[in-house]
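The next block holds one structure in the form of structure tokens; read it before the comments.
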Amino acid sequence: SIPRMTRGRAISSKEKWCTEMARKSHLALLLFSVLLVGCSAEPPEPQEITLATTTSTQDSGLLDVLLPAFEQESGIKVKVVAVGSGQALELGRRGDADVLLTHSPEAETKFMSEGWGTKRLAVMHNDFVVLGPAKDSAGIKSSRTASEAFKLIADARSTFVSRGDESGTHQKELNVWKKAGIVPAGDWYIRAGTGMAQALRMAHEKEAYLLCDRATYLALKKEVQLDVLLEGDELLLNRYSVIIVSPEKHPHVHVKGANRWADFLVSSGGQKSIGDFGTDRYGQSLFVPDATAAKS
């Protein structure tokens, strides 16, 4: 064959081979450099994360204190979706939230065992109280336990408003009915299908009984004419946990930002803010810090 000419001379086969090998080596080095940078670079800090949480953290006003402090510290905005705990956990399953703050321990344990979350930490607790009109037509004020009070309400067919929304509060209520050996049904048992604040207002309007978290009740106490008729039952403890949604299930979740939020909640500063919340307005803390009891 006739050698190709360049600048007046023929290019030998050896020169062509050397040129091709140099080109391939350059491409290989370039590709390796790109891969090395891609593997070593940390994911960028998210500008916003989505928090799915129970309505009680919003209705009580706690998020109004925690979110500005976190956003100022981290530079990360938090989009809040306030629903029942059951719905919040479902948002996590669908990958529609990066981090959860819920109060439904049994459902949370199931969520973690199924691999939907990578980390679950105890954050705080308060308690549920049984509310009702001062006249107390069912006579529950002398009851020793929540299940005994619920049985009296059912026997008297006194109006009872249930959240009825698969929230942590609703699940707690169902546990009390179960312990009382009662499946509530009838005109006296109203399923609101709403958040805590709306259910509380409905119970006020209907002069009904209601299971409510103490924080929401104290926050809205001036708006309703309902009294705490039963409290202190161990069964009525109300524990909150923060859960990081698994990136293995949903690779798009902002794990770094979610972890920043979780770390903030269990930090000394976050726990102090939680413990102080409500003392100036209600004379008592609405939540008790719980971060020492980590769960996973």
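Labels for the structure tokens follow display order: chains A, B, ..., residues from 1 in each chain, ligands from 1.
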
**OP:** Tell me, as a PyMOL selection string, which residues lie within 10 Å of range 276-283 of chain A, counting only C-alpha atoms; anything in the same chain fewer than 6 positions away does not count.
**Re:** chain A and resi 60-62+65-66+215+218-219+221+270+289

Would you save the residues from that selection as an mmCIF file, in the first residue's frame, using all heavy atoms?
data_model
loop_
_atom_site.group_PDB
_atom_site.id
_atom_site.type_symbol
_atom_site.label_atom_id
_atom_site.label_comp_id
_atom_site.auth_asym_id
_atom_site.auth_seq_id
_atom_site.Cartn_x
_atom_site.Cartn_y
_atom_site.Cartn_z
ATOM 1 N N SER A 60 -49.367 22.486 68.081
ATOM 2 C CA SER A 60 -48.884 22.948 69.387
ATOM 3 C C SER A 60 -48.003 24.185 69.276
ATOM 4 O O SER A 60 -47.780 24.898 70.253
ATOM 5 C CB SER A 60 -48.090 21.831 70.073
ATOM 6 O OG SER A 60 -46.904 21.543 69.335
ATOM 7 N N GLY A 61 -47.470 24.436 68.071
ATOM 8 C CA GLY A 61 -46.565 25.568 67.873
ATOM 9 C C GLY A 61 -45.096 25.207 68.017
ATOM 10 O O GLY A 61 -44.229 26.065 67.855
ATOM 11 N N LEU A 62 -44.787 23.941 68.280
ATOM 12 C CA LEU A 62 -43.390 23.540 68.484
ATOM 13 C C LEU A 62 -42.539 23.794 67.239
ATOM 14 O O LEU A 62 -41.412 24.275 67.346
ATOM 15 C CB LEU A 62 -43.323 22.058 68.866
ATOM 16 C CG LEU A 62 -41.914 21.486 69.056
ATOM 17 C CD1 LEU A 62 -41.215 22.165 70.231
ATOM 18 C CD2 LEU A 62 -41.965 19.969 69.285
ATOM 19 N N VAL A 65 -40.964 27.125 66.649
ATOM 20 C CA VAL A 65 -39.751 27.421 67.415
ATOM 21 C C VAL A 65 -38.546 26.692 66.813
ATOM 22 O O VAL A 65 -37.464 27.285 66.646
ATOM 23 C CB VAL A 65 -39.927 27.001 68.898
ATOM 24 C CG1 VAL A 65 -38.611 27.118 69.652
ATOM 25 C CG2 VAL A 65 -40.998 27.855 69.564
ATOM 26 N N LEU A 66 -38.717 25.425 66.468
ATOM 27 C CA LEU A 66 -37.590 24.604 66.029
ATOM 28 C C LEU A 66 -37.112 24.928 64.612
ATOM 29 O O LEU A 66 -35.907 24.976 64.351
ATOM 30 C CB LEU A 66 -37.960 23.126 66.108
ATOM 31 C CG LEU A 66 -38.229 22.557 67.506
ATOM 32 C CD1 LEU A 66 -38.576 21.080 67.412
ATOM 33 C CD2 LEU A 66 -37.022 22.751 68.419
ATOM 34 N N ALA A 215 -50.147 18.605 74.537
ATOM 35 C CA ALA A 215 -49.587 19.819 73.943
ATOM 36 C C ALA A 215 -50.627 20.574 73.132
ATOM 37 O O ALA A 215 -50.762 21.800 73.257
ATOM 38 C CB ALA A 215 -48.390 19.471 73.059
ATOM 39 N N LEU A 218 -53.272 22.185 75.506
ATOM 40 C CA LEU A 218 -52.798 23.394 76.180
ATOM 41 C C LEU A 218 -52.700 24.572 75.209
ATOM 42 O O LEU A 218 -53.007 25.709 75.566
ATOM 43 C CB LEU A 218 -51.449 23.135 76.847
ATOM 44 C CG LEU A 218 -51.477 22.219 78.077
ATOM 45 C CD1 LEU A 218 -50.058 21.946 78.565
ATOM 46 C CD2 LEU A 218 -52.320 22.822 79.194
ATOM 47 N N ALA A 219 -52.276 24.278 73.973
ATOM 48 C CA ALA A 219 -52.142 25.341 72.985
ATOM 49 C C ALA A 219 -53.487 25.954 72.612
ATOM 50 O O ALA A 219 -53.568 27.149 72.296
ATOM 51 C CB ALA A 219 -51.454 24.808 71.736
ATOM 52 N N LYS A 221 -56.380 25.572 74.599
ATOM 53 C CA LYS A 221 -57.260 25.502 75.768
ATOM 54 C C LYS A 221 -58.227 26.675 75.868
ATOM 55 O O LYS A 221 -59.395 26.510 76.263
ATOM 56 C CB LYS A 221 -56.402 25.417 77.035
ATOM 57 C CG LYS A 221 -57.190 25.225 78.317
ATOM 58 C CD LYS A 221 -56.245 25.088 79.507
ATOM 59 C CE LYS A 221 -57.029 24.917 80.806
ATOM 60 N NZ LYS A 221 -56.110 24.786 81.977
ATOM 61 N N GLY A 270 -31.157 21.567 70.530
ATOM 62 C CA GLY A 270 -32.499 21.173 70.116
ATOM 63 C C GLY A 270 -33.308 20.632 71.277
ATOM 64 O O GLY A 270 -34.495 20.965 71.444
ATOM 65 N N PRO A 289 -37.849 16.262 76.708
ATOM 66 C CA PRO A 289 -36.757 15.771 75.861
ATOM 67 C C PRO A 289 -36.458 14.301 76.137
ATOM 68 O O PRO A 289 -36.461 13.867 77.277
ATOM 69 C CB PRO A 289 -35.575 16.666 76.256
ATOM 70 C CG PRO A 289 -36.195 17.877 76.841
ATOM 71 C CD PRO A 289 -37.450 17.415 77.524
#

Subject >> Neighbour list for Val80 in chain A as a ChimeraX atom specification, cut-off 9 Å, only C-alpha atoms, skip fewer than 2 positions in-chain >> reply: /A:49-53,58,78,82

Within 6 Å of range 120-142 of chain A, which residues of range 183-273 of chain A show up? Give each one with its shortest atom-to-atom distance in Å (one decimal) and the two atoms involved, counting only C-alpha atoms, rows by chain then rising residue number, as a tab-separated table.
residue	atom	partner	partner_atom	distance
A:Glu207	CA	A:Pro133	CA	5.6
A:Ala208	CA	A:Gly132	CA	5.8
A:Tyr209	CA	A:Gly132	CA	4.3
A:Leu210	CA	A:Leu131	CA	5.2
A:Leu211	CA	A:Val130	CA	4.7
A:Cys212	CA	A:Phe128	CA	5.4
A:Asp213	CA	A:Phe128	CA	4.2
A:Arg214	CA	A:Phe128	CA	5.5
A:Leu226	CA	A:Pro133	CA	4.9
A:Asp227	CA	A:Leu131	CA	5.4
A:Val228	CA	A:Leu131	CA	4.7
A:Leu229	CA	A:Lys141	CA	5.0
A:Leu230	CA	A:Val130	CA	5.1
A:Glu231	CA	A:Val129	CA	5.0
A:Leu236	CA	A:Phe128	CA	5.1
A:Leu237	CA	A:Asp127	CA	4.4
A:Asn238	CA	A:Asp127	CA	4.7
A:Arg239	CA	A:His125	CA	4.3
A:Tyr240	CA	A:Met124	CA	5.4
A:Ser241	CA	A:Ala122	CA	4.5
A:Val242	CA	A:Leu121	CA	5.4
A:Ile243	CA	A:Arg120	CA	4.5

Got a sec: who's within 7 Å of range 184-197 of chain A, counting only C-alpha atoms, leaving out chain neighbours fewer than 4 positions off, as a CSV table (one decimal) with N, CA and C atoms, in the first residue's frame?
chain,number,residue,atom,x,y,z
A,55,THR,N,-49.7,16.2,63.1
A,55,THR,CA,-50.3,17.5,63.2
A,55,THR,C,-50.0,18.1,64.6
A,56,SER,N,-49.8,17.3,65.6
A,56,SER,CA,-49.6,17.8,67.0
A,56,SER,C,-48.3,18.7,67.1
A,59,ASP,N,-49.7,21.9,65.4
A,59,ASP,CA,-50.8,22.6,66.1
A,59,ASP,C,-50.3,23.1,67.4
A,83,VAL,N,-49.6,15.8,58.8
A,83,VAL,CA,-50.6,14.8,58.6
A,83,VAL,C,-50.6,13.9,59.9
A,84,GLY,N,-51.5,12.9,59.9
A,84,GLY,CA,-51.4,11.9,60.9
A,84,GLY,C,-50.1,11.1,60.8
A,157,ARG,N,-73.2,5.7,76.2
A,157,ARG,CA,-73.4,6.1,74.8
A,157,ARG,C,-73.2,7.7,74.7
A,158,SER,N,-72.3,8.1,75.5
A,158,SER,CA,-72.0,9.6,75.4
A,158,SER,C,-71.2,9.9,74.2
A,159,THR,N,-71.4,11.0,73.6
A,159,THR,CA,-70.7,11.4,72.4
A,159,THR,C,-69.2,11.4,72.5
A,160,PHE,N,-68.5,10.7,71.6
A,160,PHE,CA,-67.1,10.6,71.6
A,160,PHE,C,-66.6,10.9,70.2
A,161,VAL,N,-65.6,11.9,70.1
A,161,VAL,CA,-65.0,12.2,68.8
A,161,VAL,C,-63.7,11.5,68.7
A,162,SER,N,-63.6,10.8,67.6
A,162,SER,CA,-62.3,10.0,67.3
A,162,SER,C,-61.6,10.7,66.1
A,163,ARG,N,-60.3,10.8,66.2
A,163,ARG,CA,-59.6,11.3,65.0
A,163,ARG,C,-59.9,10.5,63.8
A,164,GLY,N,-59.9,9.2,63.9
A,164,GLY,CA,-60.3,8.4,62.8
A,164,GLY,C,-59.5,8.5,61.5
A,165,ASP,N,-58.2,8.8,61.7
A,165,ASP,CA,-57.4,9.1,60.5
A,165,ASP,C,-56.1,8.3,60.5
A,201,ARG,N,-61.7,20.9,68.3
A,201,ARG,CA,-62.8,21.9,68.1
A,201,ARG,C,-64.2,21.3,67.9
A,216,THR,N,-51.4,19.9,72.3
A,216,THR,CA,-52.4,20.5,71.5
A,216,THR,C,-53.5,21.1,72.4

Original post:
Where in range 239-296 of chain A does DSSP assign alpha helix (DSSP H), given as a list in words?
Top reply: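 Put together, the selection reads Val255, Lys256, Gly257, Ala258, Asn259, Arg260, Trp261, Ala262, Asp263, Phe264, Leu265, Val266, Ser268, Gly269, Gly270, Gln271, Lys272, Ser273, Ile274, Gly275, Asp276, Thr279, Asp280, Arg281 and Tyr282 of chain A.
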
**OP:** Extract, using only C-alpha atoms, all DNA, RNA and protein residues at most 9 Å from Leu91 in chain A, discarding same-chain residues fewer than 5 positions from it, and format them as a list in words.
**Re:** Ala52, Gly86, Asp96, Ala97 and Leu100 of chain A

Just N, CA, C and O atoms for this one: save the residues we selected as a PDB file, in the first residue's frame.
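This went into result.pdb:
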ATOM      1  N   ALA A  52     -42.235  15.127  56.910  1.00  0.00           N
ATOM      2  CA  ALA A  52     -43.608  14.667  57.137  1.00  0.00           C
ATOM      3  C   ALA A  52     -43.758  14.425  58.637  1.00  0.00           C
ATOM      4  O   ALA A  52     -42.997  13.645  59.226  1.00  0.00           O
ATOM      5  N   GLY A  86     -49.713   7.905  60.611  1.00  0.00           N
ATOM      6  CA  GLY A  86     -49.872   6.854  59.606  1.00  0.00           C
ATOM      7  C   GLY A  86     -49.648   7.378  58.203  1.00  0.00           C
ATOM      8  O   GLY A  86     -48.968   6.746  57.382  1.00  0.00           O
ATOM      9  N   ASP A  96     -41.923  10.398  49.307  1.00  0.00           N
ATOM     10  CA  ASP A  96     -42.390  11.775  49.184  1.00  0.00           C
ATOM     11  C   ASP A  96     -41.947  12.645  50.357  1.00  0.00           C
ATOM     12  O   ASP A  96     -42.421  13.772  50.500  1.00  0.00           O
ATOM     13  N   ALA A  97     -41.100  12.120  51.218  1.00  0.00           N
ATOM     14  CA  ALA A  97     -40.535  12.881  52.332  1.00  0.00           C
ATOM     15  C   ALA A  97     -39.115  12.384  52.581  1.00  0.00           C
ATOM     16  O   ALA A  97     -38.796  11.224  52.295  1.00  0.00           O
ATOM     17  N   LEU A 100     -39.016  11.969  58.826  1.00  0.00           N
ATOM     18  CA  LEU A 100     -40.316  11.891  59.484  1.00  0.00           C
ATOM     19  C   LEU A 100     -40.165  12.220  60.965  1.00  0.00           C
ATOM     20  O   LEU A 100     -39.134  11.920  61.575  1.00  0.00           O
TER      21      LEU A 100
END

Original post:
Quick one: distance from CA of Gly75 in chain A to CA of Ile274 in chain A in Å, one decimal?
Top reply: 20.4 Å

Subject >> Filtered DSSP result for range 221-251 of chain A, state strand (DSSP E or B), as an MDAnalysis selection string >> reply: chainID A and resid 227:230 237:245

Range 174-269 of chain A residues near range 149-152 of chain A within 9 Å, closest pair each, using only C-alpha atoms, as a Markdown table:
| residue | atom | partner | partner_atom | distance |
| --- | --- | --- | --- | --- |
| A:Val176 | CA | A:Phe150 | CA | 7.5 |
| A:Trp177 | CA | A:Phe150 | CA | 6.7 |
| A:Ala180 | CA | A:Lys151 | CA | 6.0 |
| A:Gly181 | CA | A:Lys151 | CA | 8.2 |
| A:Ile182 | CA | A:Lys151 | CA | 7.3 |
| A:Leu230 | CA | A:Ala149 | CA | 7.8 |
